[in-house]
Amino acid sequence: MTPNSRMHRAKKLISMTLKKSSKLRAFESASINSEAGESLVSAAVLADTAPMSSLDKLHFIIGVGILRPELRDEVYCQLCKQLSGNPSKLSTARGWILLSLCVGCFAPSQRLLRYLFHFIRSRGPAGYSEYVEDRLMRTIKNGTRKQPPSYVELQANKAKKPIVLAITLMDGTVRTIHADSASTADEICASIADKIALQDRFGFSLYIALFDKVSSLGSGTDHVLDAVSQCEQYAKEQGKSERSAPWRIFFRKEIFSPWHDPKEDPVSTSLIYEQVVRGIRYGEYRCDKDEDLALLCAQQYRIQEDSMDVEKLEEMITKLLPDFEINNNSHAMERWMQLVMNAYRKKFSSPSDSLVSNQSIKEEIVSFAKYKWPLLFSRFYEANKVGGPTLPRNEVIIAVNWTGVYVVDDTEEILVEFSFPEIAEVLTSSHGISPSGFSDTFSLSTIGGEEYNFQSTNADDVRELISQFLQGLKRRSRYLVGVKGQKEEDGLLELERGDLLVLSKGFNGEMLLTQPEVRGENTRTGLQGVIRSESVYVLPTMTRPNAAAMDMFPRDWLEIPRDAPSSNGKENRAALAPINNFQAPYTLERFAAEHFTQPHSSVSSPSGWTKTLTLRRRDDVVVERWRYSREPIRIPLLRKLIDRPEPSSEGIVAYSNIMKYMGDLPSRRSRVGTELTDGVFLPPLKYEVLRDEVYCQLMKQLTGNPSIISEERGWELLWLASGVIAPSQAVYKELTHFLRSRPHPISVDCLHRCAKMMKIGSRKFPPHHVEVDAIQRKATQIYHKVFFPDQSEDAIEVSSCTRSSDLIHKISTRLGLKSSDGFSLFIKFTDKVLSMPENDFFFDFIRQLSNWAASTAAKDKDPSTPPTPISYQVFFMRKLWLNAQPGEDRVADLVFHFHQELPKYLHGYHACTKDDAVKLGALLLRARTREDMSAPLAQLSQLLPDLVPKDLLKSYSSSEWKKQLTKAYEKVASMSTEEAKISFLAKVSRWPTYGSAFFMVKQSSDPGLPEKLQLSINRNGLFLYNAETKNLVVQYSLSAISNWASGNTYFHVSVGNVNGKQSRLLLETSMSYKMDDLLTSYLSLLIGAQTRNPRLALENQEI
């Protein structure tokens, strides 16, 4: 823990934060009050009643578009109107500059986007339209700006040149980086890192300084030119001209990771070293002890001079120490000379010290800075406390660094602090824009059961940073705490809940994710043995916790499941949820009084649905409908289902299936499989109004349930529900209270799942049998095996809320791919391979296939036989070959491109000459030969089918192929296997058919075409080749394809355009579903403006 004394001598956090002046404030009320029908361009003229410069007028117009998304199309339409047929060259030139500035700050709606692109291309001045179009695509990619353009942007737009940013590094060097209006901090940081060969990039950020103000731009998605715009406004407020605002941008270390090692990257260490010594020199970093400062000076001297020379030290001492330490005082100078020389002699007195390298000294200084000034190497976030234990004030600053999380006020007083082992979880949720201007909330839960809630515009950043540190520490940690007792049997280590355990050498927390058992020592008993992963919780720390740290873990906490998967490959890992023994379980009693039907009231019955009043005797017992019951319901729980016969009937059926699943109602159907869970979740998926009903039914049956078995099964259903259907806000509020008051191991997980479902929406299909099987085995995390083209595989975590796009991004990140664009998940079952749409929920797509397979199999099966789950495999492969040039992404080349292109080549789909086949065959031979072995040249005759396209095998005799390949192999023998694979791809990529999907088809619609054709689809369109000669017969660009239709045995496509001749191809094929999917995907990617890389939407296409 870092006490307040570590901060009191540092510069004030608030004084170092740039004043958040916004150019939009002056125009905000005007733009909000303006009507959509007014001319916004004219509004700037009307504003002349208050003197405005030309730049101010630009800010007004563009500020309207930034603040009011619904008026952006209006702004663009008015600009296009004024640029159409404008007789004034000066007015037209100014209009195009204004349009260029607008597209650099905000994009139009999807409805207007392609029309605006067409207007820019067809009407734009020569050489300027491409510049404007490129700016618009960059804005689409990086999002809307928060500030109108700066003066430097205006000048760059006039000259059609990029903005040149001078970035000052901490070693005093300046790097120039080309930027534009859409450039973000992470892009600029990446460019700098590339220029200086920086490997360890985490924690380096951009800072902007103006006068005595400094602000961190971070290394995320914030627009750099927004900060420049704010600087110009602040300079104007200080009486300076916007064009001469003396802002500067710096690249420096902002935050350390807990596992930072200065030995990993000399470039990173040198930059941090220069930052530290400069910070010491100018008083940014201050030492509490003179001995520490003297040692730092001695180390700096040692880096510059090999031996101690008093005269040289005297010359250098003023450059090593802060000015306030000497202040032209001769006595102070002598004192510091003595201190530095003493420190030098102690540190570098032995002969071996002369061998110490300058780099190792820099590493020592960087480590010293990390441990000495953690709060000065923090990432700061403004926040408002909105819930949790009382703090002296609610407006706070959240400081996150490698030691933990600190909540401080504007006087730098630490209000509360959390070490990482104290933090159980950090969650975020969106609640709309609040009056204070904040839009997101994050909650921080501690091991001790406290929960703090904060509102912050950077809520997601806070959560991601803390979660990154927690997960990274857990993976590297060797320290565990027991959460479930183990007895000394079968080689197991005896442990009790609360015991501190230390993993044996060679083991760490990451292994708990893949191994059911590890080895370690119990510090209480001193004994060593096997530890089951389900019995422990990994402490997020790299240092051994002391007794005080262990005391913060309550002794009455819940038994939490494992931090690692069980032997069946699935993980059982719920969040740490301390029990609150003093809180009564929350019930639906109050909610039921307002929203539930009454048991004796005049509610319609499923059969007649007529309202009648019934008399009730005084001695009748009023049934509490919000409490557990073993009796089926005859009317729905919720009043809003009255007069809705079909949903009400379905709701009663769902309740019956809930009771059968929980064992409260006899049933012939087994809980194994999905038959009962389908009966529970199909009705609410069919009728949205039933989603609240099902949640209320589940909470009712979990309130006062006397049966342990029934209650446990009810929690299984609630866990499944929280990952399938989202309730209304009213029921979600009740469900939140219900779950927070329940000390069940999966209650917290249910809460998190439901919160996510509220954000992303309900699924379309009931739970898959994998989900049902997982929760029945008490596994709240599911790991799914994914296969790759190079025959490798990996177990990837998949949740009920995981969409295909989420999994694609996760796998791409895990493999280290430079981009996930073009990759897709494929499901292989029976004889089909289907691509999973990016927006589909993973388990929804699998379930949809299961339903289709079951309905197909049911035609030839006994109806009484329960459906058998289909056997399937999940593959991750490249689907769309965009930006897939060999050499640009080595991982993609070796894992995907080579192994996906090789079968196409060997099958003979490409038009390949014999000379090319020899060269490529030699490369393939090298690629399949291990580094430690010689090529099997003697067996070349048997290997020919794996080296040569099958249509060329008979071009030479077997002996001639062997002779040619042996000779060609000599030229590539020195290559590594990986180099050979990439060289193979480089040669194949020159062919127009590279990256194509091939299909053999028959056609009967055009007598001028051969009957048998080889059809290929790639990013450039659809191509038909002679199946025998591989000669191109006809090709159609994607823009020429007007529509198509497909069936089990045919694929019909219409080509041409509205002005030209239309033609229709009738093709026979069993692969029509793949052709349909590929064409749809390529057209969606190239035409849709929502693609991640907008340039792909327009490149080589006229939309």
# chains A, B, ... in the order shown; residues from 1 in each chain; ligands from 1
$ residues_around --residues "stretch 125-134 of chain A" --least-positions-apart "6" --cutoff "7 Å" --atoms "only C-alpha atoms" --output "JSON, numbers by chain"
{"A": [100, 117, 160]}
$ atom_distance --atom1 "atom CA of A:Gln304" --atom2 "atom CA of A:Ile249"
28.1 Å
$ residues_around --residues "stretch 760-764 of chain A" --least-positions-apart "2" --cutoff "12 Å" --atoms "only C-alpha atoms" --output "PyMOL selection string"
chain A and resi 429-430+681-688+691+720-728+753-758+766-768+800-803+839-848
$ residues_around --residues "A:Ser268" --least-positions-apart "2" --cutoff "10 Å" --atoms "only C-alpha atoms" --output "mmCIF file with N, CA, C and O atoms, in the first residue's frame"
data_model
loop_
_atom_site.group_PDB
_atom_site.id
_atom_site.type_symbol
_atom_site.label_atom_id
_atom_site.label_comp_id
_atom_site.auth_asym_id
_atom_site.auth_seq_id
_atom_site.Cartn_x
_atom_site.Cartn_y
_atom_site.Cartn_z
ATOM 1 N N ALA A 193 6.314 3.661 -32.239
ATOM 2 C CA ALA A 193 6.943 2.408 -31.810
ATOM 3 C C ALA A 193 7.610 1.704 -32.988
ATOM 4 O O ALA A 193 8.706 1.147 -32.860
ATOM 5 N N ILE A 196 10.959 3.510 -33.927
ATOM 6 C CA ILE A 196 12.097 3.374 -33.010
ATOM 7 C C ILE A 196 12.348 1.923 -32.607
ATOM 8 O O ILE A 196 13.147 1.656 -31.716
ATOM 9 N N ALA A 197 11.606 0.981 -33.249
ATOM 10 C CA ALA A 197 11.760 -0.461 -32.963
ATOM 11 C C ALA A 197 11.459 -0.776 -31.507
ATOM 12 O O ALA A 197 12.155 -1.565 -30.863
ATOM 13 N N LEU A 198 10.406 -0.172 -30.972
ATOM 14 C CA LEU A 198 9.991 -0.424 -29.590
ATOM 15 C C LEU A 198 9.181 -1.710 -29.536
ATOM 16 O O LEU A 198 8.173 -1.846 -30.237
ATOM 17 N N GLN A 199 9.602 -2.657 -28.705
ATOM 18 C CA GLN A 199 8.928 -3.946 -28.607
ATOM 19 C C GLN A 199 7.931 -3.972 -27.442
ATOM 20 O O GLN A 199 6.789 -4.345 -27.612
ATOM 21 N N ASP A 200 8.367 -3.581 -26.257
ATOM 22 C CA ASP A 200 7.500 -3.568 -25.081
ATOM 23 C C ASP A 200 6.720 -2.251 -25.082
ATOM 24 O O ASP A 200 7.125 -1.259 -24.491
ATOM 25 N N ARG A 201 5.551 -2.257 -25.729
ATOM 26 C CA ARG A 201 4.825 -1.005 -25.983
ATOM 27 C C ARG A 201 3.798 -0.660 -24.912
ATOM 28 O O ARG A 201 3.279 0.443 -24.899
ATOM 29 N N PHE A 202 3.486 -1.618 -24.056
ATOM 30 C CA PHE A 202 2.438 -1.354 -23.070
ATOM 31 C C PHE A 202 2.818 -0.183 -22.162
ATOM 32 O O PHE A 202 3.936 -0.090 -21.675
ATOM 33 N N PHE A 204 3.055 3.029 -22.809
ATOM 34 C CA PHE A 204 3.529 4.254 -23.453
ATOM 35 C C PHE A 204 2.334 5.000 -24.028
ATOM 36 O O PHE A 204 1.471 4.402 -24.671
ATOM 37 N N ARG A 252 5.740 9.199 -23.876
ATOM 38 C CA ARG A 252 6.412 8.831 -22.639
ATOM 39 C C ARG A 252 5.686 7.689 -21.956
ATOM 40 O O ARG A 252 4.567 7.333 -22.304
ATOM 41 N N LYS A 253 6.348 7.128 -20.962
ATOM 42 C CA LYS A 253 5.788 6.014 -20.203
ATOM 43 C C LYS A 253 4.744 6.553 -19.246
ATOM 44 O O LYS A 253 5.028 7.446 -18.435
ATOM 45 N N PRO A 262 12.478 -4.736 -17.082
ATOM 46 C CA PRO A 262 13.280 -3.822 -17.912
ATOM 47 C C PRO A 262 14.293 -4.529 -18.803
ATOM 48 O O PRO A 262 14.852 -3.918 -19.709
ATOM 49 N N LYS A 263 14.557 -5.813 -18.544
ATOM 50 C CA LYS A 263 15.534 -6.544 -19.366
ATOM 51 C C LYS A 263 14.953 -6.961 -20.712
ATOM 52 O O LYS A 263 15.694 -7.333 -21.619
ATOM 53 N N GLU A 264 13.627 -6.931 -20.854
ATOM 54 C CA GLU A 264 12.995 -7.466 -22.058
ATOM 55 C C GLU A 264 13.236 -6.607 -23.292
ATOM 56 O O GLU A 264 13.370 -7.130 -24.395
ATOM 57 N N ASP A 265 13.258 -5.290 -23.135
ATOM 58 C CA ASP A 265 13.367 -4.409 -24.306
ATOM 59 C C ASP A 265 14.301 -3.240 -23.986
ATOM 60 O O ASP A 265 13.910 -2.316 -23.269
ATOM 61 N N PRO A 266 15.524 -3.257 -24.508
ATOM 62 C CA PRO A 266 16.479 -2.169 -24.234
ATOM 63 C C PRO A 266 15.976 -0.804 -24.701
ATOM 64 O O PRO A 266 16.267 0.204 -24.057
ATOM 65 N N SER A 270 15.617 2.322 -22.154
ATOM 66 C CA SER A 270 16.361 3.565 -22.375
ATOM 67 C C SER A 270 15.432 4.775 -22.374
ATOM 68 O O SER A 270 15.766 5.821 -21.802
ATOM 69 N N LEU A 271 14.271 4.632 -22.981
ATOM 70 C CA LEU A 271 13.316 5.751 -22.996
ATOM 71 C C LEU A 271 12.816 6.068 -21.589
ATOM 72 O O LEU A 271 12.720 7.236 -21.197
ATOM 73 N N ILE A 272 12.492 5.017 -20.833
ATOM 74 C CA ILE A 272 12.009 5.242 -19.470
ATOM 75 C C ILE A 272 13.122 5.838 -18.610
ATOM 76 O O ILE A 272 12.882 6.726 -17.781
ATOM 77 N N TYR A 273 14.341 5.362 -18.809
ATOM 78 C CA TYR A 273 15.473 5.910 -18.059
ATOM 79 C C TYR A 273 15.606 7.414 -18.315
ATOM 80 O O TYR A 273 15.763 8.216 -17.378
ATOM 81 N N GLU A 363 18.502 -0.327 -16.306
ATOM 82 C CA GLU A 363 17.453 -1.241 -15.862
ATOM 83 C C GLU A 363 17.202 -1.096 -14.362
ATOM 84 O O GLU A 363 16.049 -1.124 -13.905
ATOM 85 N N VAL A 366 15.244 2.147 -13.751
ATOM 86 C CA VAL A 366 13.846 1.994 -14.157
ATOM 87 C C VAL A 366 13.077 1.194 -13.108
ATOM 88 O O VAL A 366 11.946 1.543 -12.748
#
$ atom_distance --atom1 "atom CA of A:Gly1008" --atom2 "atom CA of A:Leu1079"
24.6 Å
$ residues_around --residues "A:Ala166" --least-positions-apart "4" --cutoff "10 Å" --atoms "only C-alpha atoms" --output "compact mmCIF listing (two decimals) with C-alpha atoms, in the first residue's frame"
# COMPACT_ATOMS: atom_id res chain seq x y z
CA THR A 173 14.82 13.34 -30.03
CA VAL A 174 11.88 14.42 -32.17
CA ARG A 175 10.04 12.10 -34.55
CA THR A 176 7.73 13.41 -37.26
CA ILE A 177 4.57 11.42 -37.82
CA HIS A 178 2.05 11.91 -40.60
CA ARG A 248 3.67 20.16 -27.94
CA ILE A 249 3.13 16.40 -28.02
CA PHE A 250 5.29 13.98 -26.02
$ atom_distance --atom1 "atom CA of A:Met662" --atom2 "atom CA of A:Arg713"
5.1 Å
$ select_by_dssp --residues "stretch 210-436 of chain A" --states "helix (DSSP H, G or I)" --output "MDAnalysis selection string"
chainID A and resid 224:237 242:244 266:281 290:304 310:320 323:326 330:348 351:355 358:372 374:376 420:422
$ closest_residue --among "A:Arg814, A:Glu412, A:Glu242, A:Thr168" --to "A:Tyr151" --atoms "only C-alpha atoms"
A:Glu242
$ select_by_dssp --residues "stretch 367-406 of chain A" --states "strand (DSSP E)" --output "list in words"
Arg379, Phe380, Tyr381, Glu382, Ala383, Asn384, Lys385, Val386, Gly387, Glu395, Val396, Ile397, Ile398, Ala399, Val400, Asn401, Gly404, Val405 and Tyr406 of chain A
$ residues_around --residues "A:Phe876" --least-positions-apart "4" --cutoff "8 Å" --atoms "only C-alpha atoms" --output "list in words"
Val786, Phe787, Phe788, Pro789, Ile808, Phe823, Ser824, Leu825 and Phe826 of chain A
$ residues_around --residues "A:Ser467" --least-positions-apart "2" --cutoff "10 Å" --atoms "only C-alpha atoms" --output "PyMOL selection string"
chain A and resi 420+423+425-427+461-465+469-473
